[in-house]
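Coordinates as given in input03.cif (mmCIF, C-alpha atoms):
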data_work
loop_
_atom_site.label_atom_id
_atom_site.label_comp_id
_atom_site.auth_asym_id
_atom_site.auth_seq_id
_atom_site.Cartn_x
_atom_site.Cartn_y
_atom_site.Cartn_z
CA MET A 1 -6.80 16.74 -11.57
CA THR A 2 -6.40 20.01 -9.78
CA GLY A 3 -3.98 19.17 -6.98
CA SER A 4 -0.54 20.80 -7.04
CA HIS A 5 1.00 17.35 -6.57
CA ALA A 6 -0.80 15.88 -9.62
CA THR A 7 1.34 13.61 -11.78
CA GLN A 8 1.04 10.26 -13.50
CA ALA A 9 4.78 9.57 -13.37
CA HIS A 10 5.26 8.27 -9.86
CA ALA A 11 4.61 4.96 -8.13
CA LEU A 12 3.79 4.60 -4.45
CA ASP A 13 6.96 4.34 -2.39
CA PRO A 14 6.82 1.22 -0.16
CA LYS A 15 8.19 3.28 2.74
CA HIS A 16 4.81 5.00 2.96
CA CYS A 17 3.09 1.72 3.86
CA LEU A 18 2.92 -0.62 6.84
CA TRP A 19 3.88 -4.22 6.04
CA PRO A 20 2.71 -7.13 8.23
CA GLN A 21 5.59 -8.91 9.94
CA TRP A 22 4.28 -12.45 9.67
CA ARG A 23 5.77 -15.70 8.42
CA VAL A 24 3.56 -16.77 5.56
CA ALA A 25 4.01 -18.03 2.01
CA PRO A 26 5.83 -15.53 -0.25
CA ARG A 27 2.87 -15.42 -2.62
CA VAL A 28 0.87 -13.53 0.04
CA GLY A 29 1.23 -9.78 -0.39
CA ALA A 30 -0.18 -7.32 2.13
CA PHE A 31 0.22 -3.74 3.26
CA VAL A 32 -1.68 -0.82 4.76
CA THR A 33 -1.27 2.65 3.31
CA THR A 34 -0.67 5.78 5.34
CA ARG A 35 -1.68 9.34 4.41
CA ALA A 36 1.55 9.95 2.45
CA GLY A 37 2.65 9.16 -1.07
CA GLY A 38 -0.17 10.48 -3.24
CA VAL A 39 -1.39 13.61 -5.00
CA SER A 40 -4.19 14.94 -2.78
CA ASP A 41 -4.04 18.46 -1.38
CA ALA A 42 -5.07 19.66 2.09
CA PRO A 43 -6.94 18.58 4.13
CA TYR A 44 -6.17 15.21 2.49
CA ASP A 45 -2.44 15.95 2.22
CA GLY A 46 0.44 13.78 3.33
CA GLY A 47 0.81 15.24 6.79
CA ALA A 48 3.85 17.41 6.05
CA PRO A 49 4.44 20.64 4.08
CA GLN A 50 4.44 20.08 0.31
CA ALA A 51 3.58 16.39 0.75
CA GLY A 52 0.82 14.97 -1.43
CA GLY A 53 -1.77 12.85 0.35
CA LEU A 54 -2.76 9.28 -0.52
CA ASN A 55 -6.48 9.61 0.10
CA LEU A 56 -8.20 6.53 -1.35
CA GLY A 57 -11.81 7.40 -0.49
CA LEU A 58 -14.08 8.65 -3.27
CA SER A 59 -16.79 9.88 -0.89
CA THR A 60 -14.63 12.21 1.18
CA GLY A 61 -14.94 15.47 -0.77
CA ASP A 62 -11.53 15.11 -2.39
CA ALA A 63 -11.05 15.64 -6.13
CA PRO A 64 -12.10 12.38 -7.84
CA ALA A 65 -9.17 12.52 -10.27
CA ALA A 66 -6.74 12.75 -7.35
CA VAL A 67 -8.34 9.75 -5.63
CA GLN A 68 -8.21 7.71 -8.83
CA GLU A 69 -4.52 8.51 -9.24
CA ASN A 70 -3.93 7.54 -5.62
CA ARG A 71 -5.73 4.24 -6.19
CA ARG A 72 -3.63 3.64 -9.28
CA ARG A 73 -0.49 4.14 -7.21
CA ALA A 74 -1.65 1.79 -4.47
CA LEU A 75 -2.68 -0.91 -6.94
CA SER A 76 0.61 -0.60 -8.85
CA LEU A 77 2.49 -1.50 -5.67
CA THR A 78 0.62 -4.83 -5.48
CA GLY A 79 1.42 -5.96 -9.01
CA ALA A 80 -2.13 -7.37 -9.12
CA ARG A 81 -4.71 -6.95 -11.88
CA ASP A 82 -7.54 -5.33 -9.96
CA ALA A 83 -8.91 -4.55 -6.50
CA ALA A 84 -12.32 -5.20 -4.96
CA TRP A 85 -13.20 -1.69 -3.76
CA LEU A 86 -16.32 -1.80 -1.58
CA GLU A 87 -19.00 0.62 -0.47
CA GLN A 88 -18.57 0.02 3.24
CA VAL A 89 -21.68 0.24 5.42
CA HIS A 90 -20.49 -0.80 8.92
CA GLY A 91 -22.19 -4.17 8.51
CA THR A 92 -21.15 -7.83 8.49
CA GLN A 93 -21.51 -8.81 4.82
CA VAL A 94 -18.55 -10.72 3.34
CA GLU A 95 -18.26 -10.93 -0.46
CA ASP A 96 -16.13 -12.80 -2.96
CA ALA A 97 -13.58 -10.29 -4.28
CA HIS A 98 -13.85 -11.49 -7.89
CA ALA A 99 -17.63 -11.10 -7.77
CA VAL A 100 -17.21 -7.53 -6.46
CA ILE A 101 -15.01 -6.66 -9.44
CA GLU A 102 -17.37 -8.34 -11.92
CA ALA A 103 -20.35 -6.39 -10.54
CA ARG A 104 -18.63 -3.00 -10.69
CA ALA A 105 -20.42 -1.88 -13.84
CA SER A 106 -23.71 -2.06 -11.92
CA GLY A 107 -22.36 0.03 -9.05
CA PRO A 108 -20.24 -0.57 -5.95
CA THR A 109 -20.92 -3.60 -3.77
CA ARG A 110 -22.21 -2.73 -0.31
CA ALA A 111 -20.20 -4.89 2.10
CA ASP A 112 -17.46 -4.67 4.70
CA ALA A 113 -15.18 -7.57 3.78
CA SER A 114 -14.01 -9.59 0.82
CA VAL A 115 -12.14 -12.87 0.40
CA THR A 116 -10.48 -14.70 -2.46
CA ASP A 117 -8.46 -17.75 -3.39
CA GLN A 118 -7.68 -16.39 -6.86
CA PRO A 119 -4.29 -14.84 -7.63
CA GLY A 120 -4.03 -11.32 -8.98
CA ILE A 121 -7.07 -9.92 -7.16
CA VAL A 122 -6.73 -7.56 -4.20
CA CYS A 123 -9.06 -7.67 -1.21
CA VAL A 124 -9.19 -4.11 0.12
CA VAL A 125 -10.94 -2.14 2.86
CA MET A 126 -10.66 1.56 3.66
CA THR A 127 -10.40 3.08 7.13
CA ALA A 128 -9.88 6.34 9.01
CA ASP A 129 -10.19 5.12 12.65
CA CYS A 130 -12.06 1.83 12.16
CA LEU A 131 -9.99 -1.34 12.37
CA PRO A 132 -8.77 -3.12 9.21
CA VAL A 133 -8.10 -6.84 9.66
CA LEU A 134 -6.18 -8.88 7.07
CA PHE A 135 -6.27 -12.69 6.94
CA CYS A 136 -4.27 -15.44 5.26
CA ASP A 137 -3.31 -19.05 5.82
CA ASP A 138 0.33 -20.12 6.11
CA ASP A 139 0.49 -21.60 2.60
CA GLY A 140 -1.17 -18.71 0.80
CA ARG A 141 -4.23 -20.52 -0.47
CA ALA A 142 -6.71 -17.77 0.46
CA VAL A 143 -6.79 -14.23 1.82
CA GLY A 144 -9.34 -11.73 3.09
CA ALA A 145 -9.78 -8.19 4.36
CA ALA A 146 -12.37 -6.90 6.83
CA HIS A 147 -13.45 -3.39 7.85
CA ALA A 148 -14.31 -3.47 11.55
CA GLY A 149 -15.92 -0.46 13.13
CA TRP A 150 -17.52 -1.12 16.49
CA ARG A 151 -20.84 -2.16 14.93
CA GLY A 152 -19.23 -4.61 12.54
CA LEU A 153 -16.82 -5.92 15.14
CA SER A 154 -19.55 -6.58 17.71
CA GLY A 155 -21.73 -8.04 14.96
CA GLY A 156 -19.19 -10.65 13.91
CA ILE A 157 -17.51 -9.28 10.76
CA VAL A 158 -14.08 -10.50 11.89
CA GLU A 159 -15.24 -14.04 12.67
CA LYS A 160 -17.24 -14.29 9.43
CA THR A 161 -14.30 -13.15 7.32
CA GLY A 162 -11.87 -15.49 9.04
CA GLU A 163 -14.23 -18.44 8.63
CA ARG A 164 -14.66 -17.67 4.92
CA VAL A 165 -10.90 -17.49 4.39
CA ALA A 166 -10.41 -20.76 6.28
CA ALA A 167 -13.08 -22.46 4.14
CA LEU A 168 -11.45 -21.26 0.91
CA ALA A 169 -8.03 -22.41 2.13
CA GLY A 170 -9.38 -25.80 3.18
CA ALA A 171 -7.77 -25.30 6.58
CA PRO A 172 -8.99 -24.86 10.15
CA ALA A 173 -9.32 -21.28 11.37
CA SER A 174 -6.66 -22.01 13.99
CA THR A 175 -4.05 -22.02 11.19
CA LEU A 176 -4.91 -18.54 9.96
CA ASN A 177 -2.83 -15.43 10.49
CA ALA A 178 -4.46 -12.06 11.19
CA TYR A 179 -3.00 -8.57 10.97
CA LEU A 180 -4.60 -5.66 12.82
CA GLY A 181 -3.92 -2.46 10.92
CA PRO A 182 -3.87 1.08 12.33
CA ALA A 183 -7.04 2.14 14.14
CA ILE A 184 -8.22 4.49 16.87
CA GLY A 185 -6.21 3.73 20.00
CA PRO A 186 -7.44 2.80 23.50
CA ASP A 187 -6.76 6.28 24.88
CA ALA A 188 -8.82 7.99 22.15
CA PHE A 189 -11.78 5.69 21.50
CA GLU A 190 -14.41 7.10 23.85
CA VAL A 191 -17.77 5.32 23.62
CA GLY A 192 -21.06 5.10 25.47
CA GLU A 193 -22.70 2.41 27.57
CA ASP A 194 -24.47 1.08 24.46
CA VAL A 195 -21.18 0.06 22.86
CA LEU A 196 -19.96 -1.74 25.97
CA GLU A 197 -23.28 -3.57 26.27
CA ALA A 198 -23.24 -4.56 22.59
CA PHE A 199 -19.85 -6.25 22.91
CA VAL A 200 -20.62 -7.98 26.20
CA ALA A 201 -23.95 -9.28 24.88
CA ALA A 202 -22.27 -10.61 21.73
CA SER A 203 -19.53 -12.45 23.64
CA GLY A 204 -19.67 -16.04 24.75
CA ALA A 205 -20.50 -16.55 28.42
CA ASP A 206 -16.88 -17.47 29.16
CA ARG A 207 -15.57 -14.29 27.50
CA ARG A 208 -17.83 -11.63 28.96
CA ASP A 209 -15.51 -10.65 31.79
CA ALA A 210 -12.58 -10.37 29.38
CA THR A 211 -14.69 -8.32 27.00
CA ALA A 212 -15.75 -5.92 29.75
CA ALA A 213 -12.09 -5.56 30.72
CA ALA A 214 -11.39 -4.05 27.28
CA PHE A 215 -13.33 -0.97 28.45
CA ARG A 216 -12.23 1.47 31.15
CA ALA A 217 -14.19 4.32 32.65
CA ALA A 218 -13.70 7.75 31.13
CA GLY A 219 -14.08 11.02 33.01
CA THR A 220 -17.74 11.41 32.07
CA PRO A 221 -20.41 9.17 33.66
CA GLY A 222 -21.62 6.53 31.21
CA LYS A 223 -18.57 6.97 28.98
CA TYR A 224 -15.73 4.49 28.45
CA PHE A 225 -12.47 4.17 26.58
CA ALA A 226 -12.60 1.04 24.42
CA ASP A 227 -9.58 -0.97 23.28
CA ILE A 228 -10.62 -2.01 19.77
CA TYR A 229 -7.44 -4.07 19.37
CA ALA A 230 -8.15 -6.10 22.51
CA LEU A 231 -11.75 -6.61 21.41
CA ALA A 232 -10.62 -7.86 18.00
CA ARG A 233 -8.12 -10.27 19.54
CA LEU A 234 -10.89 -11.72 21.71
CA ARG A 235 -13.13 -12.24 18.68
CA LEU A 236 -10.30 -13.84 16.71
CA THR A 237 -9.42 -16.28 19.47
CA GLU A 238 -13.10 -17.26 19.71
CA ILE A 239 -12.81 -18.84 16.23
CA GLY A 240 -9.58 -20.60 17.16
CA ILE A 241 -6.91 -18.22 15.88
CA GLU A 242 -4.03 -18.46 18.32
CA ALA A 243 -2.75 -15.27 19.97
CA ALA A 244 0.72 -15.83 18.45
CA ARG A 245 -0.85 -15.64 14.99
CA ILE A 246 -2.42 -12.21 15.58
CA HIS A 247 -0.09 -9.40 14.56
CA GLY A 248 -0.12 -5.58 14.54
CA GLY A 249 -2.42 -3.48 16.68
CA THR A 250 0.13 -0.94 17.90
CA HIS A 251 -0.86 2.35 16.26
CA CYS A 252 -3.40 5.10 16.99
CA THR A 253 -4.85 6.92 14.01
CA VAL A 254 -6.06 9.81 16.18
CA THR A 255 -2.81 10.70 17.90
CA GLU A 256 -0.42 9.93 15.00
CA LYS A 257 -1.68 12.90 13.00
CA SER A 258 1.22 13.20 10.57
CA ARG A 259 0.93 9.56 9.56
CA PHE A 260 -2.75 8.58 9.47
CA TYR A 261 -6.15 9.94 8.52
CA SER A 262 -8.66 10.12 11.38
CA TYR A 263 -12.33 10.91 11.03
CA ARG A 264 -12.82 11.37 14.76
CA ARG A 265 -9.97 13.86 14.94
CA ASP A 266 -10.57 15.86 11.74
CA ARG A 267 -14.07 15.00 10.46
CA VAL A 268 -13.13 16.06 6.92
CA THR A 269 -10.36 13.62 6.10
CA GLY A 270 -9.13 10.93 3.74
CA ARG A 271 -9.06 7.15 3.90
CA MET A 272 -6.21 4.65 4.15
CA ALA A 273 -6.47 1.20 2.58
CA ALA A 274 -5.56 -2.25 3.87
CA MET A 275 -4.76 -4.50 0.91
CA ILE A 276 -4.01 -8.23 0.63
CA TRP A 277 -3.64 -10.48 -2.39
CA LEU A 278 -2.14 -13.67 -3.81
CA ALA A 279 0.60 -13.22 -6.39
CA ASP A 280 0.21 -14.88 -9.77
#

Entire entry expressed as C-alpha cells:
Amino acid sequence: MTGSHATQAHALDPKHCLWPQWRVAPRVGAFVTTRAGGVSDAPYDGGAPQAGGLNLGLSTGDAPAAVQENRRRALSLTGARDAAWLEQVHGTQVEDAHAVIEARASGPTRADASVTDQPGIVCVVMTADCLPVLFCDDDGRAVGAAHAGWRGLSGGIVEKTGERVAALAGAPASTLNAYLGPAIGPDAFEVGEDVLEAFVAASGADRRDATAAAFRAAGTPGKYFADIYALARLRLTEIGIEAARIHGGTHCTVTEKSRFYSYRRDRVTGRMAAMIWLAD
C-alpha cells in the first residue's frame, strides 16, 4: 500500500456512515459509507486535508491495496463474515448473496443486486451518483441491496429486488422497508429525452403522468432534470411498498463534494458502498 494514510490498525468510525432511520428488527444491520474513513489518497481522499478516503471500488484507478484495506474496514463495521461484492453492469440481474461469495474464485458476479435470508452475509452495492436501495422486512427475515442507475431503475431492478426479498421473507412486498441512499440530486441530474421516454414507457398507464412529473425542463432544448428519488419511490409503490416505509433520499452526491464521491462531478473518483445484512 502506497497511500500516506496506510495502516492496518484502525476500524471504520461509524460517524463516517449514514444509518437508515427505520423501525425494523435489531438483527437487521445497514449503512452507507461516505468518502471518509479510509486510507486512499487524492483524488480518492476523504474530502478534507490529511483525510484518508474510503474508496471501495477496485476499478477506479486507486491502489488495489488501499481499496482492500478500505473494504476490510467497511466489513469490520458489520461484524459479518463476508460481503457479496458485485461487478455492476447497470442491468437488472438479482443474485443470491451467498452464491456470489461462493463463485468468487471464478471471478466477480456480473449483477446489480443481491438478496439473502442467511445471517452473517452482507449484500452490498457500490455507487458514485447512481442510487443505492436497501430492503428488509420488519422482522428481519431477509434483506437485499440494489444498484439503480437510470437504466437499471427504468428496467425494473428495484421492483425485482424488492420482490425477491419479499419472497425470501415469506411476506407481501407491502410489508417491506426501503432505504434510498445518497445519489445525484434533482438539481444536478441532467438527462436527455431518451431517459424521460424510457421511464414513461416503463410505467403503468396510471403512473405515466406522475413519472413525467419527476422530470423538469432544463435550459437546453431536449434536456431535463430528473428526480431519481421520486422515480424510485414511484417504482417502489408500484409493487405495494407504502410511502411511509420508504426512507432516505435527501442527499446529492454531486453538490456535497466533501462528503460523497461523484462520477458526474469528478470523473476520476471513488465509490461508496451501501451494505445490509442479518446479524448471527

Contact table segment 122-186 of chain A vs segment 8-20 of chain A, cut-off 12 Å, shortest pair per residue, all atoms listed in the file, as JSON lines:
{"residue": "A:Val133", "atom": "CA", "partner": "A:Pro20", "partner_atom": "CA", "distance": 10.9}
{"residue": "A:Leu134", "atom": "CA", "partner": "A:Pro20", "partner_atom": "CA", "distance": 9.1}
{"residue": "A:Phe135", "atom": "CA", "partner": "A:Pro20", "partner_atom": "CA", "distance": 10.6}
{"residue": "A:Cys136", "atom": "CA", "partner": "A:Pro20", "partner_atom": "CA", "distance": 11.3}
{"residue": "A:Asn177", "atom": "CA", "partner": "A:Pro20", "partner_atom": "CA", "distance": 10.2}
{"residue": "A:Ala178", "atom": "CA", "partner": "A:Pro20", "partner_atom": "CA", "distance": 9.2}
{"residue": "A:Tyr179", "atom": "CA", "partner": "A:Pro20", "partner_atom": "CA", "distance": 6.5}
{"residue": "A:Leu180", "atom": "CA", "partner": "A:Pro20", "partner_atom": "CA", "distance": 8.8}
{"residue": "A:Gly181", "atom": "CA", "partner": "A:Leu18", "partner_atom": "CA", "distance": 8.2}
{"residue": "A:Pro182", "atom": "CA", "partner": "A:Leu18", "partner_atom": "CA", "distance": 8.9}

For Ala243 of chain A, the nearest of the candidates A:Ala83, A:Ala230, A:Ala66, A:Leu196, counting all atoms listed in the file: A:Ala230

Any chance you could resolve the PyMOL selection byres ((chain A and resi 266) around 12) against this file and give the residues as a PDB file with C-alpha atoms, in the frame of the given file?
ATOM      1  CA  ALA A  42      -5.070  19.660   2.090  1.00  0.00           C
ATOM      2  CA  PRO A  43      -6.940  18.580   4.130  1.00  0.00           C
ATOM      3  CA  TYR A  44      -6.170  15.210   2.490  1.00  0.00           C
ATOM      4  CA  THR A  60     -14.630  12.210   1.180  1.00  0.00           C
ATOM      5  CA  ALA A 128      -9.880   6.340   9.010  1.00  0.00           C
ATOM      6  CA  ASP A 129     -10.190   5.120  12.650  1.00  0.00           C
ATOM      7  CA  THR A 253      -4.850   6.920  14.010  1.00  0.00           C
ATOM      8  CA  VAL A 254      -6.060   9.810  16.180  1.00  0.00           C
ATOM      9  CA  THR A 255      -2.810  10.700  17.900  1.00  0.00           C
ATOM     10  CA  LYS A 257      -1.680  12.900  13.000  1.00  0.00           C
ATOM     11  CA  PHE A 260      -2.750   8.580   9.470  1.00  0.00           C
ATOM     12  CA  TYR A 261      -6.150   9.940   8.520  1.00  0.00           C
ATOM     13  CA  SER A 262      -8.660  10.120  11.380  1.00  0.00           C
ATOM     14  CA  TYR A 263     -12.330  10.910  11.030  1.00  0.00           C
ATOM     15  CA  ARG A 264     -12.820  11.370  14.760  1.00  0.00           C
ATOM     16  CA  ARG A 265      -9.970  13.860  14.940  1.00  0.00           C
ATOM     17  CA  ARG A 267     -14.070  15.000  10.460  1.00  0.00           C
ATOM     18  CA  VAL A 268     -13.130  16.060   6.920  1.00  0.00           C
ATOM     19  CA  THR A 269     -10.360  13.620   6.100  1.00  0.00           C
ATOM     20  CA  GLY A 270      -9.130  10.930   3.740  1.00  0.00           C
ATOM     21  CA  ARG A 271      -9.060   7.150   3.900  1.00  0.00           C
TER      22      ARG A 271
END

Considering all atoms listed in the file, state which residue in the set A:Pro119, A:Val28, A:Ser59, A:Gly37 is at the smallest distance from Arg81 of chain A.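 Result for the nearest residue to Arg81 of chain A: A:Pro119.
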
So which residues get picked by the PyMOL selection byres ((chain A and resi 89-95) around 6) here, written as a tab-separated table (two decimals) with C-alpha atoms, keeping the file's coordinate frame?
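Final file, result-v2.tsv:
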chain	number	residue	atom	x	y	z
A	88	GLN	CA	-18.57	0.02	3.24
A	96	ASP	CA	-16.13	-12.80	-2.96
A	111	ALA	CA	-20.20	-4.89	2.10
A	112	ASP	CA	-17.46	-4.67	4.70
A	113	ALA	CA	-15.18	-7.57	3.78
A	114	SER	CA	-14.01	-9.59	0.82
A	152	GLY	CA	-19.23	-4.61	12.54
A	157	ILE	CA	-17.51	-9.28	10.76

Shortest interatomic distance to Asp194 of chain A - which of A:Leu234, A:Ala226, A:Leu168, A:Asn70, counting only C-alpha atoms: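 For Asp194 of chain A, the nearest of the given residues is A:Ala226.
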
For Gly46 of chain A, which of A:Ala145, A:Met272, A:Arg235, A:Ala205 is the closest residue, counting only C-alpha atoms?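 Distance minimum relative to Gly46 of chain A lands on A:Met272.
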
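Between atom CA of Ala213 of chain A and atom CA of Phe199 of chain A the separation is 11.0 Å.
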
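In this model, the gap between atom CA of Val124 of chain A and atom CA of Ala244 of chain A comes to 23.9 Å.
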
Best match for closeness to Ala198 of chain A among A:Ala146, A:Leu153, A:Leu56, A:Val165, counting only C-alpha atoms: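 Closest residue, counting only C-alpha atoms: A:Leu153.
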
Please write the residues picked by the PyMOL selection byres ((chain A and resi 212) around 10) on this file as an NGL selection string. :A and (196-197 or 199-200 or 203 or 207-211 or 213-216 or 226 or 231)

Output of the above residues as a CSV table (one decimal), in the coordinates of the input, restricted to C-alpha atoms:
chain,number,residue,atom,x,y,z
A,196,LEU,CA,-20.0,-1.7,26.0
A,197,GLU,CA,-23.3,-3.6,26.3
A,199,PHE,CA,-19.8,-6.2,22.9
A,200,VAL,CA,-20.6,-8.0,26.2
A,203,SER,CA,-19.5,-12.4,23.6
A,207,ARG,CA,-15.6,-14.3,27.5
A,208,ARG,CA,-17.8,-11.6,29.0
A,209,ASP,CA,-15.5,-10.6,31.8
A,210,ALA,CA,-12.6,-10.4,29.4
A,211,THR,CA,-14.7,-8.3,27.0
A,213,ALA,CA,-12.1,-5.6,30.7
A,214,ALA,CA,-11.4,-4.0,27.3
A,215,PHE,CA,-13.3,-1.0,28.4
A,216,ARG,CA,-12.2,1.5,31.2
A,226,ALA,CA,-12.6,1.0,24.4
A,231,LEU,CA,-11.8,-6.6,21.4

Go through segment 99-212 of chain A and flag each residue having an atom no more than 6 Å from segment 276-279 of chain A; for those, report the closest pair of atoms plus their distance in Å to one decimal, using all atoms listed in the file, ordered by chain and rising number, as CSV.
residue,atom,partner,partner_atom,distance
A:Pro119,CA,A:Leu278,CA,4.5
A:Gly120,CA,A:Ala279,CA,5.6
A:Ile121,CA,A:Trp277,CA,5.9
A:Val122,CA,A:Trp277,CA,4.6
A:Cys123,CA,A:Ile276,CA,5.4

Determine the nearest neighbour of Ile241 of chain A from the options A:Ala217, A:Ile184, A:Ala173, A:Ala201, counting all atoms listed in the file.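 Comparing A:Ala217, A:Ile184, A:Ala173, A:Ala201 against Ile241 of chain A, the winner is A:Ala173.
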
To one decimal place, how far is atom CA of Arg233 of chain A from atom CA of Gly219 of chain A in Å?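 Separating atom CA of Arg233 of chain A from atom CA of Gly219 of chain A is a distance of 25.9 Å.
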
Could you give me, as an MDAnalysis selection string, the residues within 8 Å of Val67 of chain A, counting all atoms listed in the file and dropping anything in the same chain fewer than 5 positions from it? chainID A and resid 39:40 54:58 62

Env of segment 169-172 of chain A: 8 Å cut, atoms = all atoms listed in the file, seq-sep filter 6 positions within chain, self excluded. Answer as a PDB file with C-alpha atoms, keeping the file's coordinate frame.
ATOM      1  CA  ASP A 117      -8.460 -17.750  -3.390  1.00  0.00           C
ATOM      2  CA  ASP A 137      -3.310 -19.050   5.820  1.00  0.00           C
ATOM      3  CA  GLY A 140      -1.170 -18.710   0.800  1.00  0.00           C
ATOM      4  CA  ARG A 141      -4.230 -20.520  -0.470  1.00  0.00           C
ATOM      5  CA  ALA A 142      -6.710 -17.770   0.460  1.00  0.00           C
TER       6      ALA A 142
END
